[in-house]
2 protein chains.
Amino acid sequence: MKAYADCIPCFLRQALEAARMATDDEEVHEEVLRKVMKYLSSESLDKTPAELSKKAHSIVKEITNCNDPYLKAKQRDNKTAKRLYPKVKRMITSSADPLLTAIKLAIAGNIIDLGVSSSYDVEKTMTNVLKTDFAIDEYKSLKKDLDKAEQVLYIGDNAGEIFFDKPLMEYLSELGKKIVYAVRDEPIINDATVEDAEFAGIEDVAKVITAGGGASGAVLDLCSPEFVECLRNAEVVISKGQGNYESLNEEQAYFLLIVKCKPIAKDLGVKVGDLVLKKGGKQ
Amino acid sequence: MKAYADCIPCFLRQALEAARMATDDEEVHEEVLRKVMKYLSSESLDKTPAELSKKAHSIVKEITNCNDPYLKAKQRDNKTAKRLYPKVKRMITSSADPLLTAIKLAIAGNIIDLGVSSSYDVEKTMTNVLKTDFAIDEYKSLKKDLDKAEQVLYIGDNAGEIFFDKPLMEYLSELGKKIVYAVRDEPIINDATVEDAEFAGIEDVAKVITAGGGASGAVLDLCSPEFVECLRNAEVVISKGQGNYESLNEEQAYFLLIVKCKPIAKDLGVKVGDLVLKKGGKQ
């Protein structure tokens with residue numbers, strides 16, 4: 001998906017928030033904004049938002065001299081989500097359709113997205129998703145594909161959210177599926193990295209790999225050959241969140257996300273706040 | 001008040017919204033953003049937000065070849081507000097403290113601010129303000145100063161909002177005050193101009209002048225000598241909205257506004273959404 005003009009003010013807000021997490025120095029915040037504006041003013045919107053934001057965040061990292069401005073926020077969200085994990089497990093076990101409930105709660109975890117907003121209510125979202133229908137609903141197709149599949153590639157999104165991915169992967173693992181879980185290869189916004197996967201104990205249920213590319217989304221031109229091969233060979237691909245949708249929307253993956261901004265809503269033909277379970281592919 | 005780093009993403013959002021009102025051409029929207037970013041990347045945040053946004057909007061006007069992108073929106077808001085005007089009058093007349101009610105409803109009209117948000121509920125705001133205390137309350141001081149004053153300078157803010165200013169001016173006029181109402185000298189965002197003052201029949205209650213300067217706020221360095229003289233000689237100055245606060249906050253004016261963004265909230269030491277009636281002046 002190409003970037004929209006709306007992405008520009010959003011990248012700048014994001015860069016400012018990241019710079020503020022890295023330092024209190026207001027002159028540094030201004031310098032970050034100036035450099036990001038200089039970069040974006042000569043960049044093409046034909047690229048994906050994930051590619052453009054990668055460069056914006058690399059400017060933040062360089063100027064603030066901080067490689068992971070969101071580290072504390074990620075640690076906080078991991079702790080909160082770890083506390084909620086047993087509740088998520090109970091909600092799935094006691095459900096009439098555990099797969100659907102596990103999917104919906106994995107999507108609920110997608111509300112933890114510091115690229116979009118610094119405030120969210122995860123517990124409220126957990127309750128809401130179970131009462132809400134998908135705006136795009138390809139659950140039956142996903143269920144059918146999963147029934148036949150022996151292995152699944154699950155592309156993660158954010159720290160914290162990873163504790164909502166784990167119960168879905170555990171459910172699939174109990175059905176005998178072999179799962180590969182892809183995280184980012186380096187810190188970008190609050191996206192989950194190997195460290196987050198370790199903290200969440202993902203290796204107990206899936207093989208953890210990095211997608212490579214350093215973007216907040218699996219931009220294939222930048223990704224590692226291992227990840228691309230894994231994507232090509234996977235019988236089912238589950239992709240979480242907006243960043244992965246932006247970069248992989250033409251792939252035959254199942255995209256699980258909460259729609260959190262207008263460009264994604266426009267691209268999907270739905271509304272901000274909607275829950276989506278959509279199979280991708282070239283239009 | 002100097003601009004904050006947060007103003008940068010906001011200027012770009014504003015410029016994009018303005019460009020979209022002027023044309024559907026997405027290439028033009030991108031060009032506007034590029035040019036505004038180029039301008040802002042070499043500009044100092046020591047200026048007021050009103051000065052910086054003036055240039056951003058002049059770029060929009062130049063590139064879209066449209067001098068008043070908000071014209072239709074202003075006409076729509078004027079019509080809505082005109083319909084509500086009799087209700088505002090009744091609410092004031094039936095009130096135990098008509099001056100306070102007129103002031104609060106004038107502030108309610110300040111919710112109509114397309115620089116901040118394209119959606120708002122004026123009628124809901126009218127009800128809410130009457131139940132809400134000021135976060136900064138210098139009503140007693142304003143009342144005392146008004147009791148003594150023979151003439152008042154009232155600096156307007158937005159189209160639509162002007163129909164909420166009129167009842168307060170009518171109340172003051174009935175008390176025998178002579179009122180001068182200042183509007184913008186040219187279209188900027190949805191700020192009220194001479195045309196809006198004519199549509200609202202302001203000349204029946206006040207002498208209408210333009211502040212000059214072409215900014216969404218009375219930036220004194222840019223304002224007309226007539227306006228500056230009027231400001232210096234006025235016994236009481238009532239100033240509406242954020243843009244005028246940004247540019248006149250060191251003046252001995254009474255600032256009536258709804259706080260609609262974090263920089264203004266931070267500057268005033270209050271929260272977004274708060275109602276403010278504050279006397280300005282050098283700190």
# chains A, B, ... in the order shown; residues from 1 in each chain; ligands from 1
$ interface_residues --of "chain B" --to "chain A" --cutoff "6 Å" --atoms "only C-alpha atoms" --output "list in words"
Pro9, Leu12, Arg13, Arg34, Met37 and Ser41 of chain B
$ write_last_selection --atoms "C-alpha atoms" --output "PDB file, in the first residue's frame"
ATOM      1  CA  PRO B   9       2.489  18.228  12.663  1.00  0.00           C
ATOM      2  CA  LEU B  12       0.813  20.103   8.137  1.00  0.00           C
ATOM      3  CA  ARG B  13      -2.533  18.498   8.977  1.00  0.00           C
ATOM      4  CA  ARG B  34       6.285  19.370   0.409  1.00  0.00           C
ATOM      5  CA  MET B  37       7.635  21.189   5.046  1.00  0.00           C
ATOM      6  CA  SER B  41      12.191  23.055   8.126  1.00  0.00           C
TER       7      SER B  41
END
$ residues_around --residues "range 190-192 of chain B" --least-positions-apart "2" --cutoff "8 Å" --atoms "only C-alpha atoms" --output "list in words"
Tyr70, Leu71, Ala73, Lys74, Asp113, Leu114, Gly115, Gly156, Asp157, Asn158, Ala159, Gly160, Ile162, Val183, Arg184, Pro187, Ile188, Val194, Glu195, Asp196, Ala197 and Ser216 of chain B
$ write_last_selection --atoms "N, CA and C atoms" --output "mmCIF file, in the first residue's frame"
data_model
loop_
_atom_site.group_PDB
_atom_site.id
_atom_site.type_symbol
_atom_site.label_atom_id
_atom_site.label_comp_id
_atom_site.auth_asym_id
_atom_site.auth_seq_id
_atom_site.Cartn_x
_atom_site.Cartn_y
_atom_site.Cartn_z
ATOM 1 N N TYR B 70 -11.744 27.585 2.796
ATOM 2 C CA TYR B 70 -12.752 27.284 3.822
ATOM 3 C C TYR B 70 -14.092 27.977 3.568
ATOM 4 N N LEU B 71 -14.247 28.621 2.393
ATOM 5 C CA LEU B 71 -15.442 29.436 2.150
ATOM 6 C C LEU B 71 -16.739 28.664 2.392
ATOM 7 N N ALA B 73 -17.238 25.909 4.044
ATOM 8 C CA ALA B 73 -17.339 25.498 5.454
ATOM 9 C C ALA B 73 -17.787 26.674 6.317
ATOM 10 N N LYS B 74 -17.265 27.875 5.999
ATOM 11 C CA LYS B 74 -17.656 29.056 6.765
ATOM 12 C C LYS B 74 -19.134 29.380 6.540
ATOM 13 N N ASP B 113 -13.996 25.560 15.182
ATOM 14 C CA ASP B 113 -12.610 25.930 14.876
ATOM 15 C C ASP B 113 -12.019 24.899 13.919
ATOM 16 N N LEU B 114 -12.071 25.198 12.648
ATOM 17 C CA LEU B 114 -11.608 24.238 11.641
ATOM 18 C C LEU B 114 -10.089 24.131 11.596
ATOM 19 N N GLY B 115 -9.399 25.017 12.312
ATOM 20 C CA GLY B 115 -7.951 24.872 12.419
ATOM 21 C C GLY B 115 -7.574 23.686 13.286
ATOM 22 N N GLY B 156 -12.774 39.193 17.303
ATOM 23 C CA GLY B 156 -13.468 37.961 16.932
ATOM 24 C C GLY B 156 -12.505 36.872 16.504
ATOM 25 N N ASP B 157 -13.077 35.670 16.341
ATOM 26 C CA ASP B 157 -12.235 34.554 15.918
ATOM 27 C C ASP B 157 -12.804 33.926 14.637
ATOM 28 N N ASN B 158 -13.799 33.062 14.776
ATOM 29 C CA ASN B 158 -14.203 32.277 13.607
ATOM 30 C C ASN B 158 -15.592 32.612 13.056
ATOM 31 N N ALA B 159 -15.786 32.261 11.777
ATOM 32 C CA ALA B 159 -17.137 32.296 11.199
ATOM 33 C C ALA B 159 -17.988 31.308 11.985
ATOM 34 N N GLY B 160 -19.282 31.543 12.025
ATOM 35 C CA GLY B 160 -20.163 30.705 12.845
ATOM 36 C C GLY B 160 -20.127 31.195 14.277
ATOM 37 N N ILE B 162 -19.149 33.831 15.313
ATOM 38 C CA ILE B 162 -19.531 35.245 15.319
ATOM 39 C C ILE B 162 -20.985 35.441 15.790
ATOM 40 N N VAL B 183 -12.289 41.875 12.916
ATOM 41 C CA VAL B 183 -12.245 40.607 12.177
ATOM 42 C C VAL B 183 -10.939 40.548 11.372
ATOM 43 N N ARG B 184 -10.692 39.415 10.719
ATOM 44 C CA ARG B 184 -9.486 39.293 9.888
ATOM 45 C C ARG B 184 -9.660 40.102 8.601
ATOM 46 N N PRO B 187 -9.109 36.066 4.076
ATOM 47 C CA PRO B 187 -9.463 34.712 4.510
ATOM 48 C C PRO B 187 -8.245 33.957 5.057
ATOM 49 N N ILE B 188 -8.394 33.367 6.209
ATOM 50 C CA ILE B 188 -7.370 32.494 6.797
ATOM 51 C C ILE B 188 -8.112 31.444 7.643
ATOM 52 N N VAL B 194 -14.806 40.391 7.108
ATOM 53 C CA VAL B 194 -15.842 41.420 6.985
ATOM 54 C C VAL B 194 -17.143 40.822 6.435
ATOM 55 N N GLU B 195 -17.022 39.908 5.484
ATOM 56 C CA GLU B 195 -18.208 39.270 4.886
ATOM 57 C C GLU B 195 -19.022 38.526 5.953
ATOM 58 N N ASP B 196 -18.349 37.848 6.852
ATOM 59 C CA ASP B 196 -19.054 37.123 7.912
ATOM 60 C C ASP B 196 -19.720 38.097 8.885
ATOM 61 N N ALA B 197 -19.014 39.189 9.180
ATOM 62 C CA ALA B 197 -19.584 40.207 10.067
ATOM 63 C C ALA B 197 -20.839 40.801 9.441
ATOM 64 N N SER B 216 -4.158 34.052 11.460
ATOM 65 C CA SER B 216 -5.263 33.536 12.257
ATOM 66 C C SER B 216 -5.024 33.874 13.723
#
$ atom_distance --atom1 "CA of Thr132 in chain B" --atom2 "CA of Gly281 in chain B"
25.2 Å
$ select_by_dssp --residues "range 29-247 of chain A" --states "alpha helix (DSSP H)" --output "VMD selection string"
chain A and resid 29 to 41 49 to 64 71 to 93 98 to 108 122 to 131 139 to 148 162 to 174 194 to 199 225 to 233 241 to 247
$ residues_around --residues "Glu246 in chain A" --least-positions-apart "2" --cutoff "8 Å" --atoms "only C-alpha atoms" --output "list of chain:residue names"
A:Met1, A:Lys2, A:Thr48, A:Pro49, A:Ala50, A:Gly217, A:Gln242, A:Gly243, A:Asn244, A:Leu248, A:Asn249, A:Ile264
$ select_by_dssp --residues "range 55-222 of chain B" --states "strand (DSSP E or B)" --output "list in words"
Ile136, Asp137, Gln151, Val152, Leu153, Tyr154, Ile155, Asn158, Lys178, Ile179, Val180, Tyr181, Ala182, Val183, Arg184, Asp191, Thr193, Lys207, Val208, Ile209 and Thr210 of chain B
$ atom_distance --atom1 "CA of Ala206 in chain A" --atom2 "CA of Lys178 in chain A"
7.1 Å
$ residues_around --residues "Val228 in chain B" --least-positions-apart "6" --cutoff "12 Å" --atoms "only C-alpha atoms" --output "list of chain:residue names"
B:Leu153, B:Ile155, B:Ala182, B:Ile209, B:Thr210, B:Ala211, B:Gly212, B:Gly213, B:Ala218, B:Val219, B:Leu220, B:Asp221, B:Leu222, B:Ala234, B:Val237, B:Leu248, B:Glu251
$ residues_around --residues "Ala253 in chain B" --least-positions-apart "5" --cutoff "7 Å" --atoms "only C-alpha atoms" --output "PDB file with N, CA and C atoms, in the first residue's frame"
ATOM      1  N   VAL B 236     -11.587  48.083  27.719  1.00  0.00           N
ATOM      2  CA  VAL B 236     -11.626  46.632  27.926  1.00  0.00           C
ATOM      3  C   VAL B 236     -11.435  45.956  26.568  1.00  0.00           C
ATOM      4  N   VAL B 237     -10.562  44.954  26.540  1.00  0.00           N
ATOM      5  CA  VAL B 237     -10.380  44.161  25.326  1.00  0.00           C
ATOM      6  C   VAL B 237     -10.843  42.732  25.598  1.00  0.00           C
ATOM      7  N   ILE B 238     -11.782  42.265  24.770  1.00  0.00           N
ATOM      8  CA  ILE B 238     -12.212  40.867  24.842  1.00  0.00           C
ATOM      9  C   ILE B 238     -11.651  40.188  23.609  1.00  0.00           C
ATOM     10  N   SER B 239     -10.923  39.105  23.825  1.00  0.00           N
ATOM     11  CA  SER B 239     -10.250  38.420  22.728  1.00  0.00           C
ATOM     12  C   SER B 239     -10.708  36.970  22.690  1.00  0.00           C
ATOM     13  N   LYS B 279      -7.253  37.036  32.136  1.00  0.00           N
ATOM     14  CA  LYS B 279      -6.696  38.337  31.790  1.00  0.00           C
ATOM     15  C   LYS B 279      -5.215  38.160  31.447  1.00  0.00           C
ATOM     16  N   GLY B 280      -4.815  38.642  30.286  1.00  0.00           N
ATOM     17  CA  GLY B 280      -3.428  38.495  29.856  1.00  0.00           C
ATOM     18  C   GLY B 280      -2.522  39.548  30.459  1.00  0.00           C
TER      19      GLY B 280
END
$ closest_residue --among "B:Asp204, B:Glu235, B:Glu170, B:Asp121" --to "Asp147 in chain B" --atoms "only C-alpha atoms"
B:Glu235
$ residues_around --residues "Lys72 in chain B" --least-positions-apart "5" --cutoff "10 Å" --atoms "only C-alpha atoms" --output "list in words"
Met21, Asp77, Asn78 and Asn190 of chain B
$ closest_residue --among "A:Lys82, A:Lys54, A:Lys140, A:Lys177" --to "Gly201 in chain A" --atoms "only C-alpha atoms"
A:Lys82
$ atom_distance --atom1 "CA of Ile136 in chain B" --atom2 "CA of Ile111 in chain B"
17.4 Å
$ closest_residue --among "A:Val272, A:Ala102, A:Ala200, A:Met169" --to "Gln151 in chain A" --atoms "only C-alpha atoms"
A:Met169
$ decode --residues "range 50-199 of chain B" --atoms "C-alpha atoms" --output "PDB file, in the first residue's frame"
ATOM      1  CA  ALA B  50      -0.373  32.359  14.071  1.00  0.00           C
ATOM      2  CA  GLU B  51       2.614  33.772  12.151  1.00  0.00           C
ATOM      3  CA  LEU B  52       3.840  30.341  11.073  1.00  0.00           C
ATOM      4  CA  SER B  53       0.386  29.124  10.049  1.00  0.00           C
ATOM      5  CA  LYS B  54      -0.146  32.306   8.033  1.00  0.00           C
ATOM      6  CA  LYS B  55       2.752  31.364   5.772  1.00  0.00           C
ATOM      7  CA  ALA B  56       1.646  27.712   5.627  1.00  0.00           C
ATOM      8  CA  HIS B  57      -1.827  28.778   4.499  1.00  0.00           C
ATOM      9  CA  SER B  58      -0.403  31.284   2.013  1.00  0.00           C
ATOM     10  CA  ILE B  59       1.447  28.320   0.433  1.00  0.00           C
ATOM     11  CA  VAL B  60      -1.865  26.433   0.260  1.00  0.00           C
ATOM     12  CA  LYS B  61      -3.581  29.417  -1.372  1.00  0.00           C
ATOM     13  CA  GLU B  62      -0.775  29.904  -3.882  1.00  0.00           C
ATOM     14  CA  ILE B  63      -0.440  26.275  -4.957  1.00  0.00           C
ATOM     15  CA  THR B  64      -4.174  25.520  -5.078  1.00  0.00           C
ATOM     16  CA  ASN B  65      -4.885  28.898  -6.664  1.00  0.00           C
ATOM     17  CA  CYS B  66      -7.761  29.258  -4.199  1.00  0.00           C
ATOM     18  CA  ASN B  67      -7.811  32.280  -1.922  1.00  0.00           C
ATOM     19  CA  ASP B  68     -10.445  30.945   0.474  1.00  0.00           C
ATOM     20  CA  PRO B  69     -10.448  27.139   0.773  1.00  0.00           C
ATOM     21  CA  TYR B  70     -12.752  27.284   3.822  1.00  0.00           C
ATOM     22  CA  LEU B  71     -15.442  29.436   2.150  1.00  0.00           C
ATOM     23  CA  LYS B  72     -18.103  26.712   1.925  1.00  0.00           C
ATOM     24  CA  ALA B  73     -17.339  25.498   5.454  1.00  0.00           C
ATOM     25  CA  LYS B  74     -17.656  29.056   6.765  1.00  0.00           C
ATOM     26  CA  GLN B  75     -20.974  29.532   4.974  1.00  0.00           C
ATOM     27  CA  ARG B  76     -22.248  26.234   6.411  1.00  0.00           C
ATOM     28  CA  ASP B  77     -21.161  27.163   9.946  1.00  0.00           C
ATOM     29  CA  ASN B  78     -22.665  30.650   9.640  1.00  0.00           C
ATOM     30  CA  LYS B  79     -26.010  29.141   8.660  1.00  0.00           C
ATOM     31  CA  THR B  80     -25.945  26.624  11.524  1.00  0.00           C
ATOM     32  CA  ALA B  81     -24.990  29.316  14.021  1.00  0.00           C
ATOM     33  CA  LYS B  82     -27.606  31.750  12.691  1.00  0.00           C
ATOM     34  CA  ARG B  83     -30.237  29.091  13.370  1.00  0.00           C
ATOM     35  CA  LEU B  84     -28.958  28.727  16.954  1.00  0.00           C
ATOM     36  CA  TYR B  85     -28.760  32.495  17.598  1.00  0.00           C
ATOM     37  CA  PRO B  86     -32.378  32.868  18.891  1.00  0.00           C
ATOM     38  CA  LYS B  87     -31.781  29.985  21.304  1.00  0.00           C
ATOM     39  CA  VAL B  88     -28.593  31.659  22.565  1.00  0.00           C
ATOM     40  CA  LYS B  89     -30.557  34.892  23.107  1.00  0.00           C
ATOM     41  CA  ARG B  90     -33.284  33.046  25.066  1.00  0.00           C
ATOM     42  CA  MET B  91     -30.711  31.243  27.218  1.00  0.00           C
ATOM     43  CA  ILE B  92     -29.141  34.590  28.115  1.00  0.00           C
ATOM     44  CA  THR B  93     -32.445  36.386  28.811  1.00  0.00           C
ATOM     45  CA  SER B  94     -33.735  33.607  31.057  1.00  0.00           C
ATOM     46  CA  SER B  95     -30.487  33.358  32.986  1.00  0.00           C
ATOM     47  CA  ALA B  96     -29.882  34.533  36.573  1.00  0.00           C
ATOM     48  CA  ASP B  97     -26.585  36.102  35.468  1.00  0.00           C
ATOM     49  CA  PRO B  98     -27.054  37.164  31.832  1.00  0.00           C
ATOM     50  CA  LEU B  99     -23.487  38.527  31.467  1.00  0.00           C
ATOM     51  CA  LEU B 100     -21.928  35.272  32.648  1.00  0.00           C
ATOM     52  CA  THR B 101     -24.259  33.241  30.440  1.00  0.00           C
ATOM     53  CA  ALA B 102     -23.542  35.462  27.425  1.00  0.00           C
ATOM     54  CA  ILE B 103     -19.794  35.055  28.025  1.00  0.00           C
ATOM     55  CA  LYS B 104     -20.076  31.290  28.423  1.00  0.00           C
ATOM     56  CA  LEU B 105     -22.139  30.928  25.255  1.00  0.00           C
ATOM     57  CA  ALA B 106     -19.692  33.161  23.364  1.00  0.00           C
ATOM     58  CA  ILE B 107     -17.027  30.691  24.490  1.00  0.00           C
ATOM     59  CA  ALA B 108     -19.256  27.767  23.395  1.00  0.00           C
ATOM     60  CA  GLY B 109     -19.191  29.225  19.883  1.00  0.00           C
ATOM     61  CA  ASN B 110     -15.400  28.940  19.971  1.00  0.00           C
ATOM     62  CA  ILE B 111     -15.789  25.165  19.467  1.00  0.00           C
ATOM     63  CA  ILE B 112     -16.308  26.022  15.762  1.00  0.00           C
ATOM     64  CA  ASP B 113     -12.610  25.930  14.876  1.00  0.00           C
ATOM     65  CA  LEU B 114     -11.608  24.238  11.641  1.00  0.00           C
ATOM     66  CA  GLY B 115      -7.951  24.872  12.419  1.00  0.00           C
ATOM     67  CA  VAL B 116      -8.203  22.260  15.147  1.00  0.00           C
ATOM     68  CA  SER B 117     -10.888  19.785  14.136  1.00  0.00           C
ATOM     69  CA  SER B 118     -13.341  19.313  11.300  1.00  0.00           C
ATOM     70  CA  SER B 119     -16.019  17.908  13.607  1.00  0.00           C
ATOM     71  CA  TYR B 120     -17.706  19.459  16.613  1.00  0.00           C
ATOM     72  CA  ASP B 121     -21.114  19.561  18.260  1.00  0.00           C
ATOM     73  CA  VAL B 122     -22.096  23.189  18.906  1.00  0.00           C
ATOM     74  CA  GLU B 123     -25.430  22.495  20.587  1.00  0.00           C
ATOM     75  CA  LYS B 124     -23.893  19.972  22.969  1.00  0.00           C
ATOM     76  CA  THR B 125     -21.143  22.496  23.763  1.00  0.00           C
ATOM     77  CA  MET B 126     -23.797  25.175  24.490  1.00  0.00           C
ATOM     78  CA  THR B 127     -25.329  22.913  27.137  1.00  0.00           C
ATOM     79  CA  ASN B 128     -21.984  21.800  28.531  1.00  0.00           C
ATOM     80  CA  VAL B 129     -20.435  25.241  29.046  1.00  0.00           C
ATOM     81  CA  LEU B 130     -23.289  26.324  31.297  1.00  0.00           C
ATOM     82  CA  LYS B 131     -22.631  23.332  33.572  1.00  0.00           C
ATOM     83  CA  THR B 132     -18.864  23.777  33.533  1.00  0.00           C
ATOM     84  CA  ASP B 133     -16.689  26.042  35.682  1.00  0.00           C
ATOM     85  CA  PHE B 134     -13.870  28.022  34.113  1.00  0.00           C
ATOM     86  CA  ALA B 135     -10.445  26.403  34.558  1.00  0.00           C
ATOM     87  CA  ILE B 136      -9.117  29.960  34.805  1.00  0.00           C
ATOM     88  CA  ASP B 137     -11.803  32.303  36.090  1.00  0.00           C
ATOM     89  CA  GLU B 138     -11.305  36.057  35.991  1.00  0.00           C
ATOM     90  CA  TYR B 139     -14.983  36.773  35.474  1.00  0.00           C
ATOM     91  CA  LYS B 140     -15.200  39.068  38.511  1.00  0.00           C
ATOM     92  CA  SER B 141     -12.341  41.178  37.205  1.00  0.00           C
ATOM     93  CA  LEU B 142     -13.870  41.372  33.729  1.00  0.00           C
ATOM     94  CA  LYS B 143     -17.276  42.296  35.167  1.00  0.00           C
ATOM     95  CA  LYS B 144     -15.717  45.046  37.280  1.00  0.00           C
ATOM     96  CA  ASP B 145     -13.740  46.420  34.321  1.00  0.00           C
ATOM     97  CA  LEU B 146     -16.843  46.291  32.108  1.00  0.00           C
ATOM     98  CA  ASP B 147     -18.892  48.150  34.746  1.00  0.00           C
ATOM     99  CA  LYS B 148     -16.500  51.096  34.451  1.00  0.00           C
ATOM    100  CA  ALA B 149     -15.871  50.972  30.715  1.00  0.00           C
ATOM    101  CA  GLU B 150     -17.575  53.024  28.049  1.00  0.00           C
ATOM    102  CA  GLN B 151     -15.997  51.289  25.124  1.00  0.00           C
ATOM    103  CA  VAL B 152     -14.892  47.745  24.413  1.00  0.00           C
ATOM    104  CA  LEU B 153     -12.707  46.196  21.718  1.00  0.00           C
ATOM    105  CA  TYR B 154     -13.965  42.711  20.902  1.00  0.00           C
ATOM    106  CA  ILE B 155     -11.546  40.656  18.771  1.00  0.00           C
ATOM    107  CA  GLY B 156     -13.468  37.961  16.932  1.00  0.00           C
ATOM    108  CA  ASP B 157     -12.235  34.554  15.918  1.00  0.00           C
ATOM    109  CA  ASN B 158     -14.203  32.277  13.607  1.00  0.00           C
ATOM    110  CA  ALA B 159     -17.137  32.296  11.199  1.00  0.00           C
ATOM    111  CA  GLY B 160     -20.163  30.705  12.845  1.00  0.00           C
ATOM    112  CA  GLU B 161     -18.725  31.653  16.235  1.00  0.00           C
ATOM    113  CA  ILE B 162     -19.531  35.245  15.319  1.00  0.00           C
ATOM    114  CA  PHE B 163     -23.253  34.508  15.948  1.00  0.00           C
ATOM    115  CA  PHE B 164     -22.289  33.606  19.529  1.00  0.00           C
ATOM    116  CA  ASP B 165     -20.268  36.816  19.903  1.00  0.00           C
ATOM    117  CA  LYS B 166     -23.202  38.937  18.769  1.00  0.00           C
ATOM    118  CA  PRO B 167     -25.490  38.266  21.777  1.00  0.00           C
ATOM    119  CA  LEU B 168     -22.678  39.166  24.215  1.00  0.00           C
ATOM    120  CA  MET B 169     -22.047  42.383  22.286  1.00  0.00           C
ATOM    121  CA  GLU B 170     -25.795  43.113  22.249  1.00  0.00           C
ATOM    122  CA  TYR B 171     -25.920  42.668  26.000  1.00  0.00           C
ATOM    123  CA  LEU B 172     -22.979  45.062  26.440  1.00  0.00           C
ATOM    124  CA  SER B 173     -24.484  47.510  23.969  1.00  0.00           C
ATOM    125  CA  GLU B 174     -27.741  47.560  25.931  1.00  0.00           C
ATOM    126  CA  LEU B 175     -25.653  48.565  28.943  1.00  0.00           C
ATOM    127  CA  GLY B 176     -24.483  51.567  26.899  1.00  0.00           C
ATOM    128  CA  LYS B 177     -21.005  50.380  25.869  1.00  0.00           C
ATOM    129  CA  LYS B 178     -19.616  51.371  22.495  1.00  0.00           C
ATOM    130  CA  ILE B 179     -18.140  48.289  20.837  1.00  0.00           C
ATOM    131  CA  VAL B 180     -15.558  47.801  18.121  1.00  0.00           C
ATOM    132  CA  TYR B 181     -15.498  44.296  16.616  1.00  0.00           C
ATOM    133  CA  ALA B 182     -12.258  43.270  14.879  1.00  0.00           C
ATOM    134  CA  VAL B 183     -12.245  40.607  12.177  1.00  0.00           C
ATOM    135  CA  ARG B 184      -9.486  39.293   9.888  1.00  0.00           C
ATOM    136  CA  ASP B 185      -8.592  41.365   6.839  1.00  0.00           C
ATOM    137  CA  GLU B 186      -8.366  38.363   4.518  1.00  0.00           C
ATOM    138  CA  PRO B 187      -9.463  34.712   4.510  1.00  0.00           C
ATOM    139  CA  ILE B 188      -7.370  32.494   6.797  1.00  0.00           C
ATOM    140  CA  ILE B 189      -8.654  29.082   7.919  1.00  0.00           C
ATOM    141  CA  ASN B 190     -12.296  29.615   8.991  1.00  0.00           C
ATOM    142  CA  ASP B 191     -11.642  32.939  10.715  1.00  0.00           C
ATOM    143  CA  ALA B 192     -14.386  35.539  10.469  1.00  0.00           C
ATOM    144  CA  THR B 193     -13.872  38.287   7.881  1.00  0.00           C
ATOM    145  CA  VAL B 194     -15.842  41.420   6.985  1.00  0.00           C
ATOM    146  CA  GLU B 195     -18.208  39.270   4.886  1.00  0.00           C
ATOM    147  CA  ASP B 196     -19.054  37.123   7.912  1.00  0.00           C
ATOM    148  CA  ALA B 197     -19.584  40.207  10.067  1.00  0.00           C
ATOM    149  CA  GLU B 198     -21.987  41.526   7.409  1.00  0.00           C
ATOM    150  CA  PHE B 199     -23.843  38.195   7.228  1.00  0.00           C
TER     151      PHE B 199
END
